[in-house]
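What follows is the content of data-v3.txt (compact mmCIF, C-alpha atoms).
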# COMPACT_ATOMS: atom_id res chain seq x y z
CA MET A 1 -10.06 5.94 29.27
CA ILE A 2 -8.22 5.10 26.05
CA TYR A 3 -8.92 6.44 22.56
CA PHE A 4 -8.82 3.88 19.75
CA VAL A 5 -8.13 5.75 16.52
CA THR A 6 -9.88 3.77 13.80
CA SER A 7 -12.66 4.11 11.26
CA ASN A 8 -13.42 0.37 11.41
CA LYS A 9 -16.43 -0.54 13.56
CA GLY A 10 -15.62 -4.26 13.44
CA LYS A 11 -12.16 -3.65 14.86
CA PHE A 12 -13.54 -1.38 17.51
CA ALA A 13 -16.15 -3.95 18.58
CA GLU A 14 -13.44 -6.59 18.97
CA ALA A 15 -11.11 -4.31 20.92
CA ARG A 16 -13.98 -3.24 23.17
CA GLU A 17 -14.30 -6.83 24.37
CA VAL A 18 -10.83 -6.47 25.90
CA PHE A 19 -10.87 -2.81 26.98
CA GLU A 20 -14.08 -1.66 28.57
CA ASP A 21 -13.09 1.98 28.79
CA LEU A 22 -12.38 2.33 25.07
CA VAL A 23 -13.64 5.23 22.93
CA GLN A 24 -13.65 5.15 19.14
CA LYS A 25 -12.00 8.19 17.57
CA ASN A 26 -12.33 8.43 13.80
CA ILE A 27 -9.73 11.10 13.02
CA GLY A 28 -7.51 9.19 10.58
CA TYR A 29 -3.73 9.15 10.31
CA PRO A 30 -1.19 8.68 7.51
CA GLU A 31 -0.66 4.99 6.72
CA LEU A 32 2.74 4.19 5.29
CA GLN A 33 3.49 1.85 2.38
CA ALA A 34 5.85 -0.22 4.47
CA ASN A 35 7.13 -3.77 4.54
CA THR A 36 5.82 -4.48 8.00
CA LEU A 37 2.74 -3.69 10.07
CA GLU A 38 5.09 -2.52 12.84
CA GLU A 39 6.38 0.31 10.64
CA VAL A 40 2.84 1.36 9.71
CA VAL A 41 1.84 1.53 13.38
CA ALA A 42 5.00 3.33 14.54
CA PHE A 43 4.63 5.97 11.82
CA GLY A 44 0.92 6.43 12.55
CA LEU A 45 1.49 6.84 16.28
CA VAL A 46 3.87 9.74 15.70
CA ASP A 47 1.09 11.56 13.90
CA VAL A 48 -1.69 10.65 16.33
CA THR A 49 0.25 11.51 19.50
CA ALA A 50 1.11 14.91 18.04
CA ARG A 51 -2.62 15.66 17.94
CA LEU A 52 -4.08 13.79 20.90
CA LYS A 53 -2.50 14.31 24.31
CA VAL A 54 -4.22 11.33 25.90
CA PRO A 55 -3.71 7.54 25.97
CA VAL A 56 -4.21 6.24 22.42
CA ILE A 57 -4.31 2.92 20.60
CA ILE A 58 -3.91 2.35 16.91
CA GLU A 59 -3.94 -1.04 15.26
CA ASP A 60 -3.00 -2.43 11.87
CA ALA A 61 -3.64 -5.94 10.66
CA GLY A 62 -3.13 -8.04 7.58
CA LEU A 63 -3.54 -11.46 6.03
CA PHE A 64 -0.26 -13.08 4.96
CA ILE A 65 -0.58 -16.04 2.58
CA GLU A 66 2.48 -18.29 2.41
CA GLY A 67 1.88 -19.51 -1.15
CA LEU A 68 1.52 -15.91 -2.40
CA ASN A 69 4.76 -14.55 -0.90
CA GLY A 70 2.90 -12.89 1.94
CA PHE A 71 0.32 -11.17 -0.29
CA PRO A 72 -1.93 -9.23 0.50
CA GLY A 73 0.00 -8.45 3.72
CA VAL A 74 0.31 -4.80 4.65
CA TYR A 75 -2.11 -3.90 1.83
CA SER A 76 -4.90 -6.25 2.91
CA ALA A 77 -7.52 -3.50 3.21
CA TYR A 78 -6.89 -2.20 -0.31
CA VAL A 79 -6.89 -5.70 -1.81
CA GLN A 80 -10.13 -6.57 0.00
CA LYS A 81 -11.69 -3.47 -1.56
CA THR A 82 -10.48 -4.12 -5.11
CA LEU A 83 -10.16 -7.90 -5.57
CA GLY A 84 -12.11 -9.09 -2.56
CA ASN A 85 -12.31 -12.71 -1.46
CA PRO A 86 -13.13 -13.98 -5.00
CA GLY A 87 -9.81 -12.51 -6.19
CA ILE A 88 -7.87 -14.29 -3.44
CA LEU A 89 -9.60 -17.61 -4.20
CA LYS A 90 -8.72 -17.16 -7.87
CA LEU A 91 -5.07 -16.46 -7.06
CA MET A 92 -5.01 -19.60 -4.90
CA GLU A 93 -6.15 -21.89 -7.73
CA GLY A 94 -3.47 -24.52 -8.17
CA VAL A 95 -1.40 -23.19 -5.25
CA GLU A 96 -0.45 -26.09 -2.98
CA ASP A 97 0.69 -24.21 0.10
CA ARG A 98 -2.54 -22.74 1.49
CA ARG A 99 -1.18 -21.86 4.93
CA ALA A 100 -1.80 -18.29 5.99
CA TYR A 101 -1.82 -16.13 9.06
CA PHE A 102 -3.55 -13.03 10.26
CA ALA A 103 -1.31 -10.63 12.13
CA SER A 104 -2.33 -7.68 14.25
CA ILE A 105 -0.05 -5.03 15.67
CA VAL A 106 -1.45 -2.77 18.32
CA GLY A 107 0.48 0.36 19.24
CA TYR A 108 -0.11 2.26 22.46
CA ALA A 109 1.13 5.65 23.56
CA GLU A 110 0.41 8.19 26.24
CA PRO A 111 2.01 11.55 27.00
CA GLY A 112 5.48 11.25 28.49
CA MET A 113 6.29 7.68 27.55
CA GLU A 114 7.87 5.78 24.66
CA PRO A 115 5.20 4.08 22.55
CA VAL A 116 4.90 0.29 22.88
CA ALA A 117 3.61 -2.27 20.38
CA PHE A 118 2.30 -5.83 20.68
CA ARG A 119 1.79 -8.50 18.04
CA GLY A 120 -0.91 -11.13 17.79
CA GLU A 121 -1.09 -13.89 15.18
CA VAL A 122 -3.43 -16.68 14.25
CA TRP A 123 -2.51 -19.39 11.74
CA GLY A 124 -4.95 -21.16 9.48
CA THR A 125 -5.48 -22.03 5.85
CA ILE A 126 -7.16 -20.38 2.89
CA GLY A 127 -10.29 -22.38 2.10
CA PHE A 128 -11.67 -23.27 -1.31
CA GLU A 129 -14.84 -21.22 -0.85
CA ALA A 130 -16.18 -18.38 1.29
CA ARG A 131 -18.33 -19.47 4.24
CA GLY A 132 -20.10 -17.72 7.08
CA ALA A 133 -21.50 -14.25 7.60
CA MET A 134 -19.93 -13.10 10.86
CA GLY A 135 -16.75 -11.06 11.18
CA PHE A 136 -15.55 -9.02 8.22
CA GLY A 137 -12.93 -8.83 5.49
CA TYR A 138 -11.13 -12.10 4.84
CA ASP A 139 -12.84 -14.02 7.66
CA PRO A 140 -15.06 -16.09 5.30
CA ILE A 141 -12.07 -17.59 3.43
CA PHE A 142 -9.75 -18.02 6.45
CA TYR A 143 -10.21 -21.46 7.98
CA LEU A 144 -9.30 -22.90 11.35
CA GLY A 145 -9.79 -26.59 10.77
CA ASP A 146 -13.12 -27.03 9.01
CA LYS A 147 -14.70 -23.75 10.13
CA SER A 148 -14.10 -20.35 8.63
CA MET A 149 -13.44 -17.38 10.87
CA ALA A 150 -16.81 -15.98 9.74
CA GLN A 151 -18.62 -18.98 11.21
CA VAL A 152 -17.45 -18.14 14.71
CA GLU A 153 -19.17 -15.80 17.21
CA THR A 154 -17.31 -12.58 18.09
CA GLU A 155 -16.65 -13.71 21.66
CA GLU A 156 -15.19 -17.04 20.55
CA LYS A 157 -13.30 -15.37 17.70
CA ASN A 158 -11.73 -12.93 20.12
CA LYS A 159 -10.26 -15.73 22.20
CA MET A 160 -8.12 -16.97 19.34
CA SER A 161 -7.97 -14.10 16.87
CA HIS A 162 -4.86 -12.08 16.04
CA ARG A 163 -6.55 -8.91 17.23
CA GLY A 164 -7.76 -10.50 20.45
CA ARG A 165 -4.20 -11.63 21.11
CA SER A 166 -2.47 -8.32 20.43
CA MET A 167 -5.08 -6.44 22.47
CA ARG A 168 -4.78 -8.85 25.41
CA ALA A 169 -0.99 -8.56 25.30
CA LEU A 170 -1.33 -4.80 25.64
CA LYS A 171 -3.94 -5.18 28.38
CA GLU A 172 -1.61 -7.47 30.31
CA TRP A 173 1.27 -5.03 29.94
CA LEU A 174 -0.89 -2.16 31.24
CA ASP A 175 -2.18 -4.24 34.16
CA ASN A 176 1.35 -5.31 35.13
CA ARG A 177 2.57 -1.74 34.96
CA GLN A 178 -0.24 -0.75 37.27
CA LEU A 179 0.84 -3.50 39.70
CA ARG A 180 4.48 -2.36 39.57
CA ARG A 181 3.39 1.16 40.39
CA ASN A 182 1.25 0.15 43.35
CA MET B 1 20.73 20.56 -11.92
CA ILE B 2 17.77 18.62 -10.51
CA TYR B 3 17.84 15.74 -8.03
CA PHE B 4 15.53 12.81 -8.81
CA VAL B 5 14.87 10.98 -5.56
CA THR B 6 14.35 7.35 -6.52
CA SER B 7 15.92 3.92 -5.99
CA ASN B 8 14.69 2.71 -9.39
CA LYS B 9 17.32 2.70 -12.14
CA GLY B 10 14.77 2.08 -14.88
CA LYS B 11 12.78 5.15 -13.87
CA PHE B 12 15.90 7.22 -13.69
CA ALA B 13 17.04 6.14 -17.17
CA GLU B 14 13.66 7.14 -18.61
CA ALA B 15 13.62 10.52 -16.85
CA ARG B 16 17.18 11.19 -17.95
CA GLU B 17 16.01 11.09 -21.57
CA VAL B 18 13.93 14.20 -20.83
CA PHE B 19 16.16 16.01 -18.33
CA GLU B 20 19.83 16.01 -19.18
CA ASP B 21 20.96 17.61 -15.94
CA LEU B 22 19.34 15.00 -13.70
CA VAL B 23 21.11 13.35 -10.76
CA GLN B 24 19.81 10.20 -9.09
CA LYS B 25 19.52 10.50 -5.32
CA ASN B 26 18.66 7.30 -3.50
CA ILE B 27 17.68 8.62 -0.07
CA GLY B 28 14.15 7.26 0.22
CA TYR B 29 11.02 8.96 1.55
CA PRO B 30 7.83 7.82 3.30
CA GLU B 31 5.31 6.49 0.79
CA LEU B 32 1.72 6.81 1.93
CA GLN B 33 -1.01 4.19 1.58
CA ALA B 34 -3.28 6.58 -0.29
CA ASN B 35 -6.08 6.38 -2.82
CA THR B 36 -4.24 8.38 -5.44
CA LEU B 37 -0.70 8.73 -6.76
CA GLU B 38 -1.06 12.50 -6.29
CA GLU B 39 -1.39 12.06 -2.53
CA VAL B 40 1.66 9.79 -2.40
CA VAL B 41 3.75 12.34 -4.28
CA ALA B 42 2.54 15.36 -2.29
CA PHE B 43 3.27 13.62 1.02
CA GLY B 44 6.69 12.46 -0.16
CA LEU B 45 7.67 15.93 -1.36
CA VAL B 46 7.06 17.40 2.10
CA ASP B 47 9.61 14.97 3.50
CA VAL B 48 12.16 15.34 0.71
CA THR B 49 12.10 19.15 0.60
CA ALA B 50 12.66 19.25 4.36
CA ARG B 51 15.97 17.47 3.80
CA LEU B 52 17.16 18.72 0.39
CA LYS B 53 17.29 22.46 -0.22
CA VAL B 54 17.68 22.12 -3.99
CA PRO B 55 15.37 21.47 -6.98
CA VAL B 56 13.96 17.95 -6.56
CA ILE B 57 11.76 15.54 -8.48
CA ILE B 58 9.91 12.56 -7.12
CA GLU B 59 7.68 10.31 -9.17
CA ASP B 60 5.11 7.63 -8.46
CA ALA B 61 3.45 5.42 -11.01
CA GLY B 62 0.95 2.60 -11.15
CA LEU B 63 -0.98 0.25 -13.38
CA PHE B 64 -4.75 0.59 -13.14
CA ILE B 65 -6.78 -2.29 -14.59
CA GLU B 66 -10.41 -1.48 -15.36
CA GLY B 67 -11.72 -5.02 -14.91
CA LEU B 68 -10.04 -5.31 -11.49
CA ASN B 69 -11.44 -2.08 -9.99
CA GLY B 70 -8.17 -0.26 -10.54
CA PHE B 71 -5.98 -2.95 -8.97
CA PRO B 72 -2.95 -2.93 -8.47
CA GLY B 73 -3.01 0.90 -8.68
CA VAL B 74 -1.11 2.75 -6.00
CA TYR B 75 0.35 -0.56 -4.75
CA SER B 76 1.73 -1.69 -8.11
CA ALA B 77 5.30 -2.04 -6.86
CA TYR B 78 4.31 -4.31 -3.98
CA VAL B 79 2.02 -6.44 -6.15
CA GLN B 80 4.76 -6.81 -8.77
CA LYS B 81 7.06 -8.08 -6.03
CA THR B 82 4.59 -10.58 -4.55
CA LEU B 83 2.26 -11.76 -7.33
CA GLY B 84 4.22 -10.58 -10.34
CA ASN B 85 2.90 -10.69 -13.89
CA PRO B 86 1.75 -14.34 -13.58
CA GLY B 87 -0.54 -13.28 -10.72
CA ILE B 88 -2.10 -10.50 -12.80
CA LEU B 89 -2.65 -12.84 -15.76
CA LYS B 90 -4.34 -15.30 -13.40
CA LEU B 91 -6.63 -12.61 -11.98
CA MET B 92 -7.54 -11.61 -15.53
CA GLU B 93 -8.72 -15.10 -16.51
CA GLY B 94 -12.33 -14.78 -17.59
CA VAL B 95 -12.36 -11.00 -17.13
CA GLU B 96 -13.85 -9.38 -20.23
CA ASP B 97 -12.77 -5.81 -19.75
CA ARG B 98 -8.98 -5.92 -20.25
CA ARG B 99 -8.49 -2.15 -20.64
CA ALA B 100 -5.82 -0.68 -18.40
CA TYR B 101 -3.70 2.39 -18.04
CA PHE B 102 -0.35 3.30 -16.63
CA ALA B 103 -0.31 6.61 -14.77
CA SER B 104 2.70 8.59 -13.65
CA ILE B 105 2.70 11.60 -11.37
CA VAL B 106 5.83 13.65 -11.18
CA GLY B 107 6.19 16.19 -8.39
CA TYR B 108 8.68 19.03 -8.49
CA ALA B 109 9.77 21.44 -5.80
CA GLU B 110 12.51 23.93 -5.19
CA PRO B 111 13.17 26.22 -2.23
CA GLY B 112 10.75 29.14 -2.01
CA MET B 113 7.99 27.85 -4.26
CA GLU B 114 4.82 25.79 -3.97
CA PRO B 115 5.38 22.25 -5.28
CA VAL B 116 3.82 21.39 -8.64
CA ALA B 117 2.73 18.04 -10.04
CA PHE B 118 2.06 16.71 -13.54
CA ARG B 119 0.24 13.58 -14.70
CA GLY B 120 0.98 11.35 -17.65
CA GLU B 121 -1.14 8.40 -18.78
CA VAL B 122 -1.00 5.73 -21.42
CA TRP B 123 -3.92 3.43 -22.19
CA GLY B 124 -3.62 -0.12 -23.44
CA THR B 125 -4.85 -3.61 -22.65
CA ILE B 126 -3.65 -6.48 -20.50
CA GLY B 127 -2.43 -9.24 -22.81
CA PHE B 128 -2.92 -12.98 -22.44
CA GLU B 129 0.80 -13.66 -22.01
CA ALA B 130 4.02 -11.85 -21.12
CA ARG B 131 6.14 -10.78 -24.08
CA GLY B 132 9.39 -8.88 -24.56
CA ALA B 133 12.43 -8.28 -22.37
CA MET B 134 12.85 -4.51 -22.42
CA GLY B 135 11.47 -2.10 -19.84
CA PHE B 136 10.56 -3.42 -16.40
CA GLY B 137 7.67 -4.29 -14.12
CA TYR B 138 4.35 -4.74 -15.89
CA ASP B 139 5.68 -3.78 -19.35
CA PRO B 140 5.61 -7.39 -20.70
CA ILE B 141 1.84 -7.80 -20.07
CA PHE B 142 0.77 -4.27 -21.04
CA TYR B 143 -0.09 -4.12 -24.74
CA LEU B 144 -0.44 -1.25 -27.17
CA GLY B 145 -2.09 -2.91 -30.11
CA ASP B 146 -0.27 -6.17 -30.77
CA LYS B 147 3.02 -5.20 -29.11
CA SER B 148 3.77 -5.26 -25.42
CA MET B 149 5.50 -2.31 -23.78
CA ALA B 150 8.53 -4.59 -23.23
CA GLN B 151 8.92 -5.05 -26.99
CA VAL B 152 9.56 -1.35 -27.52
CA GLU B 153 12.95 0.44 -27.33
CA THR B 154 13.40 2.94 -24.46
CA GLU B 155 13.48 5.91 -26.81
CA GLU B 156 10.25 4.88 -28.55
CA LYS B 157 8.66 3.93 -25.23
CA ASN B 158 9.47 7.33 -23.80
CA LYS B 159 7.54 9.07 -26.57
CA MET B 160 4.27 7.48 -25.58
CA SER B 161 4.80 6.27 -22.02
CA HIS B 162 3.08 7.66 -18.94
CA ARG B 163 6.43 8.61 -17.42
CA GLY B 164 7.66 10.25 -20.62
CA ARG B 165 4.45 12.29 -20.66
CA SER B 166 4.53 13.45 -17.04
CA MET B 167 8.25 14.29 -17.32
CA ARG B 168 7.74 16.25 -20.55
CA ALA B 169 4.82 18.14 -19.01
CA LEU B 170 7.11 19.21 -16.17
CA LYS B 171 9.90 20.06 -18.63
CA GLU B 172 7.53 22.24 -20.61
CA TRP B 173 6.36 24.02 -17.48
CA LEU B 174 9.95 24.73 -16.43
CA ASP B 175 10.90 25.95 -19.91
CA ASN B 176 7.87 28.27 -20.07
CA ARG B 177 8.65 29.67 -16.66
CA GLN B 178 12.15 30.40 -17.85
CA LEU B 179 10.69 32.23 -20.85
CA ARG B 180 8.33 34.26 -18.66
CA ARG B 181 11.27 35.31 -16.51
CA ASN B 182 13.44 36.40 -19.41

Here is the file; what I need is its structure written in the form of structure tokens.
Amino acid sequence: MIYFVTSNKGKFAEAREVFEDLVQKNIGYPELQANTLEEVVAFGLVDVTARLKVPVIIEDAGLFIEGLNGFPGVYSAYVQKTLGNPGILKLMEGVEDRRAYFASIVGYAEPGMEPVAFRGEVWGTIGFEARGAMGFGYDPIFYLGDKSMAQVETEEKNKMSHRGRSMRALKEWLDNRQLRRN
Amino acid sequence: MIYFVTSNKGKFAEAREVFEDLVQKNIGYPELQANTLEEVVAFGLVDVTARLKVPVIIEDAGLFIEGLNGFPGVYSAYVQKTLGNPGILKLMEGVEDRRAYFASIVGYAEPGMEPVAFRGEVWGTIGFEARGAMGFGYDPIFYLGDKSMAQVETEEKNKMSHRGRSMRALKEWLDNRQLRRN
């Protein structure tokens, strides 16, 4: 059994598709104002592992827009709350380079080992309007071809999403470790 | 003598106008992704006072725009770096409520006492263009009447600025404490 420390039900639902024995633990941790998601996760794990002496996962994700110098990046959650998708679409008016990627970093730790972290990315473009009602956050304005991420079922989304990828990378690492031990 | 832990020369110059015996110390500290500047400062002070056993100041500031739900707020430095003033002006297109305030929180600690914190604010409006070359950051788009904050000399700016106010509030507190002790 692994604890996933998060307050976000959408994230938990996605991670649960990869790890069946996952338990949501909403106990919070200090999130750093850092330049990279990796730093945020590493700092958070120090806090979480000091309190929970069991296998734990934490995850941080962000949307990085090329034409906006990586904005909203590490602060994607705050920007979603204040400006939302209409704010992003406004900022993108007249911006030619609409390429963007979602990144997810999942950190894993258990007592007596060095924490590990895995990255997942998915590249797409920022659309000209919000579409779709599935997913959450920036999904409606993030396009893969002619479909937004919010027009894709969770199961399908998981196959290609940043979070699906980082979670599966961790899963693979854990499975391989198990094999090495046997 | 007081150490001001900051990497920002502009901030240091402004604080130096209030505290003559101030020394800039560029040693960094973890900045939290928090909802308020007060939380950022309190968390940072814990780290700084663990390393420096002398009187220390840290300060965090932000621009809070009413019509943008408080954006960029606690993340003002990051937003200045990525979107800059042109990004803010773009977001403000068509927004009626252009009221905004700068807030500064200064935290002070010395060995053997509970840390204290003081707030300074200055209210103005977001202009329709950037003006002036003094100051730094958002000063050119933050207007007090028909002048931007970047069209005002440092000494004059200090009299009314958020940082001048928080620093003077701390100065007053320190002076009064000195009086009480004598």

*asked:* Residues of chain A within 7 Å of chain B, counting only C-alpha atoms - could you list those as a list in words?
replied: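 Every residue of chain A that passes the 7 Å test is in Pro30, Glu31, Leu32, Gln33, Leu68, Asn69, Phe71, Thr82, Leu83, Gly87, Lys90 and Leu91 of chain A.
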
How about saving the chosen residues, C-alpha atoms kept, as an mmCIF file, keeping the file's coordinate frame?
data_model
loop_
_atom_site.group_PDB
_atom_site.id
_atom_site.type_symbol
_atom_site.label_atom_id
_atom_site.label_comp_id
_atom_site.auth_asym_id
_atom_site.auth_seq_id
_atom_site.Cartn_x
_atom_site.Cartn_y
_atom_site.Cartn_z
ATOM 1 C CA PRO A 30 -1.190 8.680 7.510
ATOM 2 C CA GLU A 31 -0.660 4.990 6.720
ATOM 3 C CA LEU A 32 2.740 4.190 5.290
ATOM 4 C CA GLN A 33 3.490 1.850 2.380
ATOM 5 C CA LEU A 68 1.520 -15.910 -2.400
ATOM 6 C CA ASN A 69 4.760 -14.550 -0.900
ATOM 7 C CA PHE A 71 0.320 -11.170 -0.290
ATOM 8 C CA THR A 82 -10.480 -4.120 -5.110
ATOM 9 C CA LEU A 83 -10.160 -7.900 -5.570
ATOM 10 C CA GLY A 87 -9.810 -12.510 -6.190
ATOM 11 C CA LYS A 90 -8.720 -17.160 -7.870
ATOM 12 C CA LEU A 91 -5.070 -16.460 -7.060
#

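Here CA of Lys53 in chain B and CA of Ile2 in chain B stand 11.0 Å from one another.
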
*asked:* Excluding Asp47 in chain B and its own-chain neighbours fewer than 2 positions away, which residues fall within 10 Å of it when counting all atoms listed in the file? Please give them as number ranges by chain.
replied: B: 28-31, 42-45, 49-52

*Name the residues in contact with range 60-62 of chain B at a cut-off of 10 Å, using only C-alpha atoms, excluding same-chain residues fewer than 2 positions from it; report them as an MDAnalysis selection string.*
chainID B and resid 6 11 31 36:41 44 58 64:65 70:77 101:107 119:121 138 162:163

Written file, previous selection with C-alpha atoms, as an mmCIF file, in the coordinates of the input:
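out13.cif written:
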data_model
loop_
_atom_site.group_PDB
_atom_site.id
_atom_site.type_symbol
_atom_site.label_atom_id
_atom_site.label_comp_id
_atom_site.auth_asym_id
_atom_site.auth_seq_id
_atom_site.Cartn_x
_atom_site.Cartn_y
_atom_site.Cartn_z
ATOM 1 C CA THR B 6 14.350 7.350 -6.520
ATOM 2 C CA LYS B 11 12.780 5.150 -13.870
ATOM 3 C CA GLU B 31 5.310 6.490 0.790
ATOM 4 C CA THR B 36 -4.240 8.380 -5.440
ATOM 5 C CA LEU B 37 -0.700 8.730 -6.760
ATOM 6 C CA GLU B 38 -1.060 12.500 -6.290
ATOM 7 C CA GLU B 39 -1.390 12.060 -2.530
ATOM 8 C CA VAL B 40 1.660 9.790 -2.400
ATOM 9 C CA VAL B 41 3.750 12.340 -4.280
ATOM 10 C CA GLY B 44 6.690 12.460 -0.160
ATOM 11 C CA ILE B 58 9.910 12.560 -7.120
ATOM 12 C CA PHE B 64 -4.750 0.590 -13.140
ATOM 13 C CA ILE B 65 -6.780 -2.290 -14.590
ATOM 14 C CA GLY B 70 -8.170 -0.260 -10.540
ATOM 15 C CA PHE B 71 -5.980 -2.950 -8.970
ATOM 16 C CA PRO B 72 -2.950 -2.930 -8.470
ATOM 17 C CA GLY B 73 -3.010 0.900 -8.680
ATOM 18 C CA VAL B 74 -1.110 2.750 -6.000
ATOM 19 C CA TYR B 75 0.350 -0.560 -4.750
ATOM 20 C CA SER B 76 1.730 -1.690 -8.110
ATOM 21 C CA ALA B 77 5.300 -2.040 -6.860
ATOM 22 C CA TYR B 101 -3.700 2.390 -18.040
ATOM 23 C CA PHE B 102 -0.350 3.300 -16.630
ATOM 24 C CA ALA B 103 -0.310 6.610 -14.770
ATOM 25 C CA SER B 104 2.700 8.590 -13.650
ATOM 26 C CA ILE B 105 2.700 11.600 -11.370
ATOM 27 C CA VAL B 106 5.830 13.650 -11.180
ATOM 28 C CA GLY B 107 6.190 16.190 -8.390
ATOM 29 C CA ARG B 119 0.240 13.580 -14.700
ATOM 30 C CA GLY B 120 0.980 11.350 -17.650
ATOM 31 C CA GLU B 121 -1.140 8.400 -18.780
ATOM 32 C CA TYR B 138 4.350 -4.740 -15.890
ATOM 33 C CA HIS B 162 3.080 7.660 -18.940
ATOM 34 C CA ARG B 163 6.430 8.610 -17.420
#

*Grab the CA of Ile126 in chain A to CA of Val152 in chain A distance for me, in Å with one decimal place.*
15.8 Å

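Minimum distance to Glu156 in chain A across A:Met1, A:Leu179, A:Ile57, A:Gly135 (counting all atoms listed in the file) occurs at A:Gly135.
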
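Between CA of Met113 in chain B and CA of Lys9 in chain B the separation is 28.0 Å.
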
*asked:* Please list as a PyMOL selection string every residue within 7 Å of range 18-20 of chain A, counting only C-alpha atoms and excluding residues in the same chain fewer than 2 positions away.
replied: chain A and resi 15-16+22+167-168

*Can you tell me, as a ChimeraX atom specification, what residues are no more than 7 Å from Tyr143 in chain B when counting all atoms listed in the file, ignoring any on the same chain fewer than 5 positions away?*
/B:124-127,148-149

*asked:* With distances taken over all atoms listed in the file, which residue among A:Val95, A:Ile27, A:Val54, A:Met134 lies nearest Glu155 in chain A?
replied: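 So, comparing all the options, the nearest one is A:Met134.
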
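The residue that comes closest to Gly132 in chain B, out of B:Leu174, B:Ala169, B:Ala150, B:Val48 and on the basis of all atoms listed in the file, is B:Ala150.
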